[in-house]
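Novice: Data: query02.pdb, PDB, C-alpha atoms.
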```pdb
ATOM      1  CA  MET W 255      -1.226  12.779  14.927  1.00  0.00           C
ATOM      2  CA  VAL W 256      -2.736   9.299  15.221  1.00  0.00           C
ATOM      3  CA  ILE W 257      -1.864   6.178  13.205  1.00  0.00           C
ATOM      4  CA  THR W 258      -4.459   3.384  13.167  1.00  0.00           C
ATOM      5  CA  THR W 259      -5.915   0.670  11.001  1.00  0.00           C
ATOM      6  CA  ALA W 260      -9.317   1.323   9.513  1.00  0.00           C
ATOM      7  CA  SER W 261     -12.243  -0.596   8.079  1.00  0.00           C
ATOM      8  CA  LYS W 262     -13.255  -1.253   4.497  1.00  0.00           C
ATOM      9  CA  GLU W 263     -16.133   1.206   5.012  1.00  0.00           C
ATOM     10  CA  GLU W 264     -13.658   3.935   5.999  1.00  0.00           C
ATOM     11  CA  MET W 265     -11.541   3.108   2.943  1.00  0.00           C
ATOM     12  CA  LEU W 266     -14.546   3.308   0.629  1.00  0.00           C
ATOM     13  CA  SER W 267     -15.563   6.632   2.178  1.00  0.00           C
ATOM     14  CA  LEU W 268     -12.034   8.028   1.820  1.00  0.00           C
ATOM     15  CA  TRP W 269     -12.094   6.960  -1.836  1.00  0.00           C
ATOM     16  CA  GLU W 270     -15.437   8.840  -2.116  1.00  0.00           C
ATOM     17  CA  TYR W 271     -17.784   5.876  -2.591  1.00  0.00           C
ATOM     18  CA  ASN W 272     -21.107   5.859  -0.772  1.00  0.00           C
ATOM     19  CA  SER W 273     -21.445   2.089  -0.940  1.00  0.00           C
ATOM     20  CA  TYR W 274     -19.647  -1.081  -1.906  1.00  0.00           C
ATOM     21  CA  ARG W 275     -22.005  -1.595  -4.851  1.00  0.00           C
ATOM     22  CA  GLU W 276     -21.028   1.693  -6.501  1.00  0.00           C
ATOM     23  CA  ALA W 277     -17.303   1.143  -5.953  1.00  0.00           C
ATOM     24  CA  SER W 278     -14.898   0.490  -8.813  1.00  0.00           C
ATOM     25  CA  PRO W 279     -13.480  -3.019  -9.250  1.00  0.00           C
ATOM     26  CA  THR W 280     -10.212  -1.877  -7.675  1.00  0.00           C
ATOM     27  CA  ALA W 281     -11.987  -0.373  -4.667  1.00  0.00           C
ATOM     28  CA  ARG W 282     -13.973  -3.607  -4.254  1.00  0.00           C
ATOM     29  CA  PHE W 283     -10.716  -5.613  -4.494  1.00  0.00           C
ATOM     30  CA  PHE W 284      -9.215  -3.526  -1.665  1.00  0.00           C
ATOM     31  CA  ALA W 285     -12.415  -3.715   0.409  1.00  0.00           C
ATOM     32  CA  ASP W 286     -12.749  -7.484  -0.027  1.00  0.00           C
ATOM     33  CA  ASN W 287      -9.142  -8.057   0.991  1.00  0.00           C
ATOM     34  CA  ILE W 288      -9.484  -5.797   4.026  1.00  0.00           C
ATOM     35  CA  ALA W 289     -12.685  -7.605   5.056  1.00  0.00           C
ATOM     36  CA  SER W 290     -11.051 -11.044   4.671  1.00  0.00           C
ATOM     37  CA  GLY W 291      -7.957 -10.060   6.678  1.00  0.00           C
ATOM     38  CA  ASN W 292      -5.622 -10.391   3.687  1.00  0.00           C
ATOM     39  CA  ALA W 293      -5.028  -6.626   3.642  1.00  0.00           C
ATOM     40  CA  GLU W 294      -4.970  -3.738   6.077  1.00  0.00           C
ATOM     41  CA  PHE W 295      -5.779  -0.092   5.597  1.00  0.00           C
ATOM     42  CA  TRP W 296      -3.471   2.064   7.702  1.00  0.00           C
ATOM     43  CA  LYS W 297      -4.223   5.758   8.053  1.00  0.00           C
ATOM     44  CA  ILE W 298      -2.728   8.786   9.695  1.00  0.00           C
ATOM     45  CA  ASP W 299      -5.126  11.366  11.125  1.00  0.00           C
ATOM     46  CA  GLU W 300      -4.490  14.931  12.195  1.00  0.00           C
ATOM     47  CA  SER W 301      -7.238  16.757  14.115  1.00  0.00           C
ATOM     48  CA  GLY W 302      -9.797  14.119  13.089  1.00  0.00           C
ATOM     49  CA  GLU W 303      -8.952  14.321   9.381  1.00  0.00           C
ATOM     50  CA  THR W 304      -7.339  11.480   7.447  1.00  0.00           C
ATOM     51  CA  ILE W 305      -4.247  13.002   5.880  1.00  0.00           C
ATOM     52  CA  GLY W 306      -2.484   9.843   4.729  1.00  0.00           C
ATOM     53  CA  GLU W 307      -3.051   6.216   3.813  1.00  0.00           C
ATOM     54  CA  LEU W 308      -1.016   3.068   3.232  1.00  0.00           C
ATOM     55  CA  TYR W 309      -2.291  -0.407   2.406  1.00  0.00           C
ATOM     56  CA  VAL W 310      -0.653  -3.742   3.177  1.00  0.00           C
ATOM     57  CA  PHE W 311      -1.439  -6.934   1.270  1.00  0.00           C
ATOM     58  CA  PHE W 312      -0.211 -10.119   2.908  1.00  0.00           C
ATOM     59  CA  ASP W 313      -0.707 -12.574   0.039  1.00  0.00           C
ATOM     60  CA  LEU W 314      -1.143 -11.949  -3.691  1.00  0.00           C
ATOM     61  CA  ALA W 315      -1.213 -14.227  -6.740  1.00  0.00           C
ATOM     62  CA  ASP W 316       2.218 -12.920  -7.801  1.00  0.00           C
ATOM     63  CA  LYS W 317       4.336 -14.111  -4.860  1.00  0.00           C
ATOM     64  CA  ALA W 318       7.120 -11.635  -5.700  1.00  0.00           C
ATOM     65  CA  PHE W 319       4.779  -8.964  -4.289  1.00  0.00           C
ATOM     66  CA  ALA W 320       3.447 -10.810  -1.232  1.00  0.00           C
ATOM     67  CA  ASP W 321       3.697 -14.480  -0.362  1.00  0.00           C
ATOM     68  CA  GLY W 322       1.599 -14.689   2.803  1.00  0.00           C
ATOM     69  CA  LYS W 323       4.531 -15.797   4.947  1.00  0.00           C
ATOM     70  CA  THR W 324       7.694 -13.733   4.629  1.00  0.00           C
ATOM     71  CA  THR W 325       6.919 -10.830   2.278  1.00  0.00           C
ATOM     72  CA  ALA W 326       4.091  -8.273   2.346  1.00  0.00           C
ATOM     73  CA  TYR W 327       3.243  -5.687  -0.323  1.00  0.00           C
ATOM     74  CA  LEU W 328       2.700  -1.996   0.459  1.00  0.00           C
ATOM     75  CA  CYS W 329       0.684   0.126  -1.953  1.00  0.00           C
ATOM     76  CA  ALA W 330      -1.483   3.201  -2.427  1.00  0.00           C
ATOM     77  CA  PHE W 331       0.791   5.218  -0.130  1.00  0.00           C
ATOM     78  CA  ARG W 332      -0.497   8.778  -0.116  1.00  0.00           C
ATOM     79  CA  ILE W 333      -0.126  11.871   2.027  1.00  0.00           C
ATOM     80  CA  LYS W 334      -2.239  14.945   1.318  1.00  0.00           C
ATOM     81  CA  LYS W 335      -0.176  17.528  -0.513  1.00  0.00           C
ATOM     82  CA  GLU W 336      -0.345  20.194   2.192  1.00  0.00           C
ATOM     83  CA  TYR W 337       1.111  17.746   4.773  1.00  0.00           C
ATOM     84  CA  ARG W 338       4.045  16.490   2.686  1.00  0.00           C
ATOM     85  CA  GLY W 339       7.616  17.275   3.690  1.00  0.00           C
ATOM     86  CA  LYS W 340       6.819  17.149   7.416  1.00  0.00           C
ATOM     87  CA  GLY W 341       7.910  13.573   8.063  1.00  0.00           C
ATOM     88  CA  LEU W 342       4.357  12.275   8.484  1.00  0.00           C
ATOM     89  CA  GLY W 343       4.609   9.834   5.591  1.00  0.00           C
ATOM     90  CA  SER W 344       7.850   8.473   7.009  1.00  0.00           C
ATOM     91  CA  ARG W 345       6.170   8.017  10.391  1.00  0.00           C
ATOM     92  CA  LEU W 346       3.292   6.132   8.812  1.00  0.00           C
ATOM     93  CA  MET W 347       5.655   3.925   6.794  1.00  0.00           C
ATOM     94  CA  GLU W 348       7.884   3.212   9.812  1.00  0.00           C
ATOM     95  CA  HIS W 349       4.846   2.322  11.933  1.00  0.00           C
ATOM     96  CA  VAL W 350       3.542  -0.137   9.339  1.00  0.00           C
ATOM     97  CA  LEU W 351       6.972  -1.709   8.786  1.00  0.00           C
ATOM     98  CA  ALA W 352       7.384  -2.174  12.558  1.00  0.00           C
ATOM     99  CA  ASP W 353       3.988  -3.908  12.649  1.00  0.00           C
ATOM    100  CA  LEU W 354       5.075  -6.249   9.841  1.00  0.00           C
ATOM    101  CA  ARG W 355       8.294  -7.105  11.729  1.00  0.00           C
ATOM    102  CA  GLU W 356       6.268  -7.897  14.856  1.00  0.00           C
ATOM    103  CA  ARG W 357       4.094 -10.261  12.791  1.00  0.00           C
ATOM    104  CA  GLY W 358       7.194 -12.123  11.633  1.00  0.00           C
ATOM    105  CA  PHE W 359       7.503 -10.805   8.076  1.00  0.00           C
ATOM    106  CA  SER W 360      11.114 -10.529   6.967  1.00  0.00           C
ATOM    107  CA  ALA W 361      10.588  -8.329   3.891  1.00  0.00           C
ATOM    108  CA  ALA W 362       8.264  -5.762   2.368  1.00  0.00           C
ATOM    109  CA  THR W 363       7.828  -4.725  -1.253  1.00  0.00           C
ATOM    110  CA  ILE W 364       6.491  -1.548  -2.804  1.00  0.00           C
ATOM    111  CA  GLY W 365       5.877  -0.443  -6.379  1.00  0.00           C
ATOM    112  CA  VAL W 366       7.117   2.817  -7.828  1.00  0.00           C
ATOM    113  CA  ASP W 367       6.807   4.334 -11.275  1.00  0.00           C
ATOM    114  CA  SER W 368      10.253   4.304 -12.841  1.00  0.00           C
ATOM    115  CA  THR W 369       9.890   8.011 -13.751  1.00  0.00           C
ATOM    116  CA  GLU W 370       8.913   9.228 -10.238  1.00  0.00           C
ATOM    117  CA  GLU W 371      12.357  10.255  -9.041  1.00  0.00           C
ATOM    118  CA  GLN W 372      11.076  11.888  -5.845  1.00  0.00           C
ATOM    119  CA  ASN W 373       9.233   8.721  -4.797  1.00  0.00           C
ATOM    120  CA  ILE W 374      12.215   6.545  -5.732  1.00  0.00           C
ATOM    121  CA  ARG W 375      14.427   8.693  -3.454  1.00  0.00           C
ATOM    122  CA  LEU W 376      11.833   8.489  -0.656  1.00  0.00           C
ATOM    123  CA  TYR W 377      11.602   4.704  -0.896  1.00  0.00           C
ATOM    124  CA  HIS W 378      15.388   4.356  -1.033  1.00  0.00           C
ATOM    125  CA  ARG W 379      15.638   6.449   2.164  1.00  0.00           C
ATOM    126  CA  GLN W 380      13.110   4.082   3.725  1.00  0.00           C
ATOM    127  CA  GLY W 381      15.328   1.127   2.803  1.00  0.00           C
ATOM    128  CA  PHE W 382      13.584  -0.123  -0.349  1.00  0.00           C
ATOM    129  CA  THR W 383      16.793  -0.432  -2.320  1.00  0.00           C
ATOM    130  CA  GLU W 384      16.584  -3.862  -3.971  1.00  0.00           C
ATOM    131  CA  LYS W 385      14.860  -3.837  -7.347  1.00  0.00           C
ATOM    132  CA  ILE W 386      13.013  -7.145  -7.717  1.00  0.00           C
ATOM    133  CA  LYS W 387      11.638  -6.676 -11.220  1.00  0.00           C
ATOM    134  CA  ASP W 388      10.009  -4.466 -13.822  1.00  0.00           C
ATOM    135  CA  CYS W 389       6.221  -4.753 -13.655  1.00  0.00           C
ATOM    136  CA  PHE W 390       3.680  -4.220 -16.417  1.00  0.00           C
ATOM    137  CA  ALA W 391       0.543  -5.103 -14.438  1.00  0.00           C
ATOM    138  CA  ASP W 392      -0.556  -4.011 -10.976  1.00  0.00           C
ATOM    139  CA  PRO W 393      -1.910  -6.924  -8.917  1.00  0.00           C
ATOM    140  CA  CYS W 394      -4.085  -4.546  -6.888  1.00  0.00           C
ATOM    141  CA  ASP W 395      -5.538  -2.493  -9.771  1.00  0.00           C
ATOM    142  CA  VAL W 396      -8.100  -4.797 -11.337  1.00  0.00           C
ATOM    143  CA  ASP W 397     -10.636  -4.776 -14.164  1.00  0.00           C
ATOM    144  CA  GLU W 398     -14.291  -5.882 -14.083  1.00  0.00           C
ATOM    145  CA  ASP W 399     -13.135  -9.528 -14.198  1.00  0.00           C
ATOM    146  CA  MET W 400     -10.882  -8.880 -11.171  1.00  0.00           C
ATOM    147  CA  LYS W 401      -7.793  -9.440 -13.334  1.00  0.00           C
ATOM    148  CA  PRO W 402      -4.769  -7.131 -12.908  1.00  0.00           C
ATOM    149  CA  LYS W 403      -4.781  -4.240 -15.378  1.00  0.00           C
ATOM    150  CA  ALA W 404      -1.842  -3.678 -17.676  1.00  0.00           C
ATOM    151  CA  CYS W 405       0.123  -0.511 -16.952  1.00  0.00           C
ATOM    152  CA  GLU W 406       3.244   1.398 -17.854  1.00  0.00           C
ATOM    153  CA  CYS W 407       6.434  -0.046 -16.448  1.00  0.00           C
ATOM    154  CA  TYR W 408       7.023   0.404 -12.757  1.00  0.00           C
ATOM    155  CA  TRP W 409       9.565  -1.157 -10.426  1.00  0.00           C
ATOM    156  CA  LEU W 410       8.933  -3.537  -7.568  1.00  0.00           C
ATOM    157  CA  LEU W 411      11.345  -2.620  -4.768  1.00  0.00           C
ATOM    158  CA  LYS W 412      12.125  -4.686  -1.688  1.00  0.00           C
ATOM    159  CA  LYS W 413      13.284  -3.945   1.844  1.00  0.00           C
ATOM    160  CA  GLU W 414      14.563  -6.500   4.323  1.00  0.00           C
ATOM    161  CA  LEU W 415      12.885  -5.990   7.701  1.00  0.00           C
ATOM    162  CA  TRP W 416      15.463  -7.705   9.910  1.00  0.00           C
TER     163      TRP W 416
END
```
Can you present the structure in this file as structure tokens?
Specialist:
Amino acid sequence: MVITTASKEEMLSLWEYNSYREASPTARFFADNIASGNAEFWKIDESGETIGELYVFFDLADKAFADGKTTAYLCAFRIKKEYRGKGLGSRLMEHVLADLRERGFSAATIGVDSTEEQNIRLYHRQGFTEKIKDCFADPCDVDEDMKPKACECYWLLKKELW
């Protein structure tokens, strides 16, 4: 098992796009932020296959998510179904949170659908226990105008890193 950061090209490939031009607005938003250094794509590989991903945004327009100084936003956290329940997602999350601490961030936020009880329990176990707010738009899921799309209510949770 190997945890590393990856490029925007690797992200686009994982999301099954052959090129930046054919990517969705959201995929382009992620790729642009990775390329500019405002986001990182962390992945976990097993036997050369990417089995999990987690993205970190350092600064977003809504500073409750990420303010560029003290708080970073984690999103699109996924582990392939056949690898779940083995602690690999926790390892990936812990690795990324340790990296944020080393960079001087004092908090991390993550969004979770208010109906996803299993994910809420997972994030609580990881220390994301403070509910910051109810959200009705995802700052990282954008439309053709690069504006956040409206969505069903989800919670923004926070974890102190110190």
Novice: Once the PyMOL selection byres ((chain W and resi 329) around 9) has been evaluated on this model, what residues remain selected, and can you format them as a PyMOL selection string?
Specialist: chain W and resi 308-311+327-328+330-332+363-365+394
Novice: Find the residues near Gly302 (chain W): any atom within 9 Å, counting only C-alpha atoms, skip ones fewer than 3 places away on the same chain, and give them as a ChimeraX atom specification.
Specialist: /W:255-256,299
Novice: With a distance cut-off of 9 Å and all atoms listed in the file, select the neighbouring residues of Leu346 (chain W), excluding the residue or stretch itself and same-chain residues fewer than 6 positions from it, and output the selection as a list in words.
Specialist: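 Once the adjacent positions are removed, what remains is Ile257, Trp296, Lys297, Ile298, Gly306, Glu307 and Leu308 of chain W.
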Novice: Just C-alpha atoms for this one: save the residues we selected as a CSV table (one decimal), in the frame of the given file.
Specialist:
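Saved as result37.csv:
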```csv
chain,number,residue,atom,x,y,z
W,257,ILE,CA,-1.9,6.2,13.2
W,296,TRP,CA,-3.5,2.1,7.7
W,297,LYS,CA,-4.2,5.8,8.1
W,298,ILE,CA,-2.7,8.8,9.7
W,306,GLY,CA,-2.5,9.8,4.7
W,307,GLU,CA,-3.1,6.2,3.8
W,308,LEU,CA,-1.0,3.1,3.2
```
Novice: Quick check, in Å to one decimal: how far apart do CA of Glu294 (chain W) and CA of Asp397 (chain W) lie?
Specialist: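 About the pair CA of Glu294 (chain W) and CA of Asp397 (chain W): they are 21.0 Å apart.
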Novice: Please, what distance in Å, to one decimal, runs between CA of Asn287 (chain W) and CA of Met265 (chain W)?
Specialist: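 Going from CA of Asn287 (chain W) over to CA of Met265 (chain W), I get 11.6 Å.
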Novice: To one decimal place, how far is CA of Ser368 (chain W) from CA of Lys412 (chain W) in Å?
Specialist: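 Going from CA of Ser368 (chain W) over to CA of Lys412 (chain W) covers 14.4 Å.
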Novice: Restricting the calculation to only C-alpha atoms: of W:Leu266, W:Ile333, W:Ala315, W:Leu410, which residue gets closest to Glu303 (chain W)?
Specialist: W:Ile333
Novice: Under the PyMOL selection byres ((chain W and resi 388) around 8), which residues of this model are included? Write them out as a ChimeraX atom specification.
Specialist: /W:386-387,389-390,407-410
Novice: Could you please take those selected residues and save C-alpha atoms as a CSV table (one decimal), in the frame of the given file?
Specialist:
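Printed below is result_16.csv as written:
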```csv
chain,number,residue,atom,x,y,z
W,386,ILE,CA,13.0,-7.1,-7.7
W,387,LYS,CA,11.6,-6.7,-11.2
W,389,CYS,CA,6.2,-4.8,-13.7
W,390,PHE,CA,3.7,-4.2,-16.4
W,407,CYS,CA,6.4,0.0,-16.4
W,408,TYR,CA,7.0,0.4,-12.8
W,409,TRP,CA,9.6,-1.2,-10.4
W,410,LEU,CA,8.9,-3.5,-7.6
```
Novice: The PyMOL selection byres ((chain W and resi 288) around 10) - which residues does that actually catch in the file I just gave you? List them as a list of chain:residue names.
Specialist: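 On this input, the PyMOL selection byres ((chain W and resi 288) around 10) captures W:Ala260, W:Ser261, W:Lys262, W:Glu263, W:Met265, W:Arg282, W:Phe283, W:Phe284, W:Ala285, W:Asp286, W:Asn287, W:Ala289, W:Ser290, W:Gly291, W:Asn292, W:Ala293, W:Glu294, W:Phe295, W:Tyr309, W:Val310, W:Phe311.
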Novice: Excluding same-chain residues fewer than 5 positions from Leu351 (chain W), what lies within 10 Å of it counting all atoms listed in the file, as a list of chain:residue names?
Specialist: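 Counting all atoms listed in the file, the residues come to W:Val310, W:Ala326, W:Leu328, W:Arg345, W:Leu346, W:Glu356, W:Arg357, W:Phe359, W:Ser360, W:Ala361, W:Ala362, W:Gln380, W:Lys413, W:Leu415.
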Novice: Just want the 9 Å neighbourhood of region 335-337 of chain W, counted on only C-alpha atoms, with same-chain residues fewer than 4 positions away dropped. Output as a list in words.
Specialist: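 My list of contacting residues is Ile305, Gly306, Gly341, Leu342 and Gly343 of chain W.
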Novice: Deliver the residues from the most recent selection as a file, using C-alpha atoms, as a short mmCIF file (atom, residue, chain, number, x, y, z; two decimals), keeping the file's coordinate frame.
Specialist:
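Printed below is selection_17.cif as written:
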```cif
data_model
loop_
_atom_site.label_atom_id
_atom_site.label_comp_id
_atom_site.auth_asym_id
_atom_site.auth_seq_id
_atom_site.Cartn_x
_atom_site.Cartn_y
_atom_site.Cartn_z
CA ILE W 305 -4.25 13.00 5.88
CA GLY W 306 -2.48 9.84 4.73
CA GLY W 341 7.91 13.57 8.06
CA LEU W 342 4.36 12.28 8.48
CA GLY W 343 4.61 9.83 5.59
#
```
Novice: Just checking: using only C-alpha atoms, which residue out of W:Glu264, W:Glu414, W:Glu371, W:Asp316 ends up closest to Leu354 (chain W)?
Specialist: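 Distance minimum relative to Leu354 (chain W) lands on W:Glu414.
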Novice: Counting all atoms listed in the file, which residue out of W:Leu411, W:Met347, W:Ala404, W:Val396 sits closest to His378 (chain W)?
Specialist: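 Of all the options, W:Leu411 lies closest to His378 (chain W).
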Novice: Could the centre and edge lengths of an axis-aligned box, enclosing all atoms of region 271-285 of chain W in the file with 4 Å extra on each side, be given in Å to one decimal as AutoDock Vina command-line options?
Specialist:
```
--center_x -15.6 --center_y 0.1 --center_z -4.4 --size_x 20.8 --size_y 19.5 --size_z 17.7
```
Novice: Let me make sure I understand: among W:Thr324, W:Gly358, W:Gln372, W:Tyr274, which one has the smallest atom-to-atom distance to Arg338 (chain W) if we use all atoms listed in the file?
Specialist: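 Selected residue with least distance to Arg338 (chain W): W:Gln372.
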